[in-house]
Amino acid sequence: MGMLDGKVAIVTGAGRGIGREEALLLASEGARVIVNDVGASLEGSGDDKHPAEQTVDDIAAAGGEAAINADDVSSWSGAARLIDQAVQTWGKLDILVNNAGILRDKMSFNMDESDWDDVIRVHLKGHFAPAHHAAVYWRNRSKAGEATTGRIINTSSEAGLYGNPGQANYSAAKAGIASLTWVLGRELERYGVTVNAIAPRARTRMTENLFGEMAAADEGKFDAYAPGNVAPLVAFLASDEAADVNGQIFVVFGGDVYAMGGFHPVGELKRDSRWTPQELAAAKSRLFAEHPSGLPKFSFF
């Protein structure tokens with residue numbers, strides 16, 4: 001018996017890396033999985049469906065059930081077809097894992113308009129469009145008196161939580177995904193749907209050339225950067241055991257899982273009258289007495 005027996009799941013960007021590992025584990029826990037992947041290159045070009053086919057074949061070889069979807073999830077109609085495929089194939093949808101993404105890394109002063117638009121579209125709209133159509137499905141079921149236990153797991157990034165130089169487009173999209181997670185969680189909880197997000201640190205096509213320490217671990221040692229380390233958290237969040245977990249952001253790295261807090265005050269100035277600019281300047285040390293006035297470090301690790 002798996003934690004997800006009888007569930008129907010969608011995993012976007014599931015041809016490779018983290019998405020593939022998520023699809024494999026969800027299937028091993030009993031879910032039937034729609035494996036979505038357009039087969040694009042890291043930059044978002046091309047059309048090679050083989051990776052998704054391999055994921056589906058591997059699920060089937062292990063005794064699971066899966067089907068391919070090659071729609072562009074950043075397309076409104078493509079996202080609608082994706083949700084419809086799950087419902088038409090297996091009669092329902094229980095889990096949506098938004099994972100698809102691309103990279104166009106450049107400094108802000110070197111970035112082209114298309115670099116910005118494409119990354120925002122694939123990541124941010126590529127999360128919202130499937131979530132919108134899934135939300136419509138679950139809301140309609142709930143309003144019809146049916147029990148709903150929907151799960152959305154989004155993929156943010158530490159770049160979105162801290163801001164990473166050279167990734168203005170990616171960081172902005174991932175920060176937007178974190179905020180979108182909170183909004184969707186608030187909107188959909190009344191319909192039995194939870195919405196959470198992960199910020200994974202793992203070796204994928206999007207990260208393997210960025211950090212030298214992500215090289216494969218020595219034989220016999222735990223590989224903290226293996227993408228498979230991310231999947232168990234996603235499977236847990238997709239399960240009935242996580243019915244009370246909503247609107248949360250998790251950093252996951254190797255065997256470490258961190259529940260992250262949202263924005264909160266770190267200093268304050270209070271009085272019952274308006275401040276002048278000069279007074280604020282004079283009170284600056286009080287405002288930042290327990291928090292640096294400069295940028296935070298990129299990561300807490």
# chains A, B, ... in the order shown; residues from 1 in each chain; ligands from 1

$ select_by_dssp --residues "stretch 142-285 of chain A" --states "strand (DSSP E or B)" --output "PyMOL selection string"
chain A and resi 151-155+167+194-201+249-253+256-260

$ residues_around --residues "A:Gly63" --least-positions-apart "3" --cutoff "10 Å" --atoms "only C-alpha atoms" --output "PDB file with N, CA and C atoms, in the first residue's frame"
ATOM      1  N   ALA A  27       4.356   7.693  -8.539  1.00  0.00           N
ATOM      2  CA  ALA A  27       3.848   6.449  -9.113  1.00  0.00           C
ATOM      3  C   ALA A  27       4.146   5.267  -8.195  1.00  0.00           C
ATOM      4  N   SER A  28       5.341   5.239  -7.610  1.00  0.00           N
ATOM      5  CA  SER A  28       5.693   4.129  -6.726  1.00  0.00           C
ATOM      6  C   SER A  28       4.839   4.123  -5.463  1.00  0.00           C
ATOM      7  N   GLY A  30       1.694   4.775  -5.583  1.00  0.00           N
ATOM      8  CA  GLY A  30       0.357   4.364  -5.990  1.00  0.00           C
ATOM      9  C   GLY A  30      -0.409   5.317  -6.870  1.00  0.00           C
ATOM     10  N   ASP A  57       7.829   5.034 -19.511  1.00  0.00           N
ATOM     11  CA  ASP A  57       8.256   3.637 -19.652  1.00  0.00           C
ATOM     12  C   ASP A  57       8.801   3.094 -18.339  1.00  0.00           C
ATOM     13  N   ASP A  58       9.555   3.913 -17.622  1.00  0.00           N
ATOM     14  CA  ASP A  58      10.131   3.464 -16.358  1.00  0.00           C
ATOM     15  C   ASP A  58       9.052   3.259 -15.305  1.00  0.00           C
ATOM     16  N   ILE A  59       8.034   4.111 -15.312  1.00  0.00           N
ATOM     17  CA  ILE A  59       6.912   3.921 -14.383  1.00  0.00           C
ATOM     18  C   ILE A  59       6.182   2.621 -14.702  1.00  0.00           C
ATOM     19  N   ALA A  60       5.933   2.391 -15.982  1.00  0.00           N
ATOM     20  CA  ALA A  60       5.243   1.166 -16.390  1.00  0.00           C
ATOM     21  C   ALA A  60       6.060  -0.072 -16.047  1.00  0.00           C
ATOM     22  N   ALA A  66       1.078   5.464 -16.134  1.00  0.00           N
ATOM     23  CA  ALA A  66       1.439   6.829 -16.503  1.00  0.00           C
ATOM     24  C   ALA A  66       1.068   7.083 -17.946  1.00  0.00           C
TER      25      ALA A  66
END

$ residues_around --residues "A:Ser114" --least-positions-apart "3" --cutoff "12 Å" --atoms "only C-alpha atoms" --output "number ranges by chain"
A: 43-44, 103-106, 110-111, 117-122, 169

$ atom_distance --atom1 "atom CA of A:Ala61" --atom2 "atom CA of A:Val8"
18.4 Å

$ select_by_dssp --residues "stretch 131-286 of chain A" --states "alpha helix (DSSP H)" --output "number ranges by chain"
A: 131-143, 158-162, 168-188, 231-238, 277-282, 284-286

$ atom_distance --atom1 "atom CA of A:Gly262" --atom2 "atom CA of A:Gly126"
22.9 Å
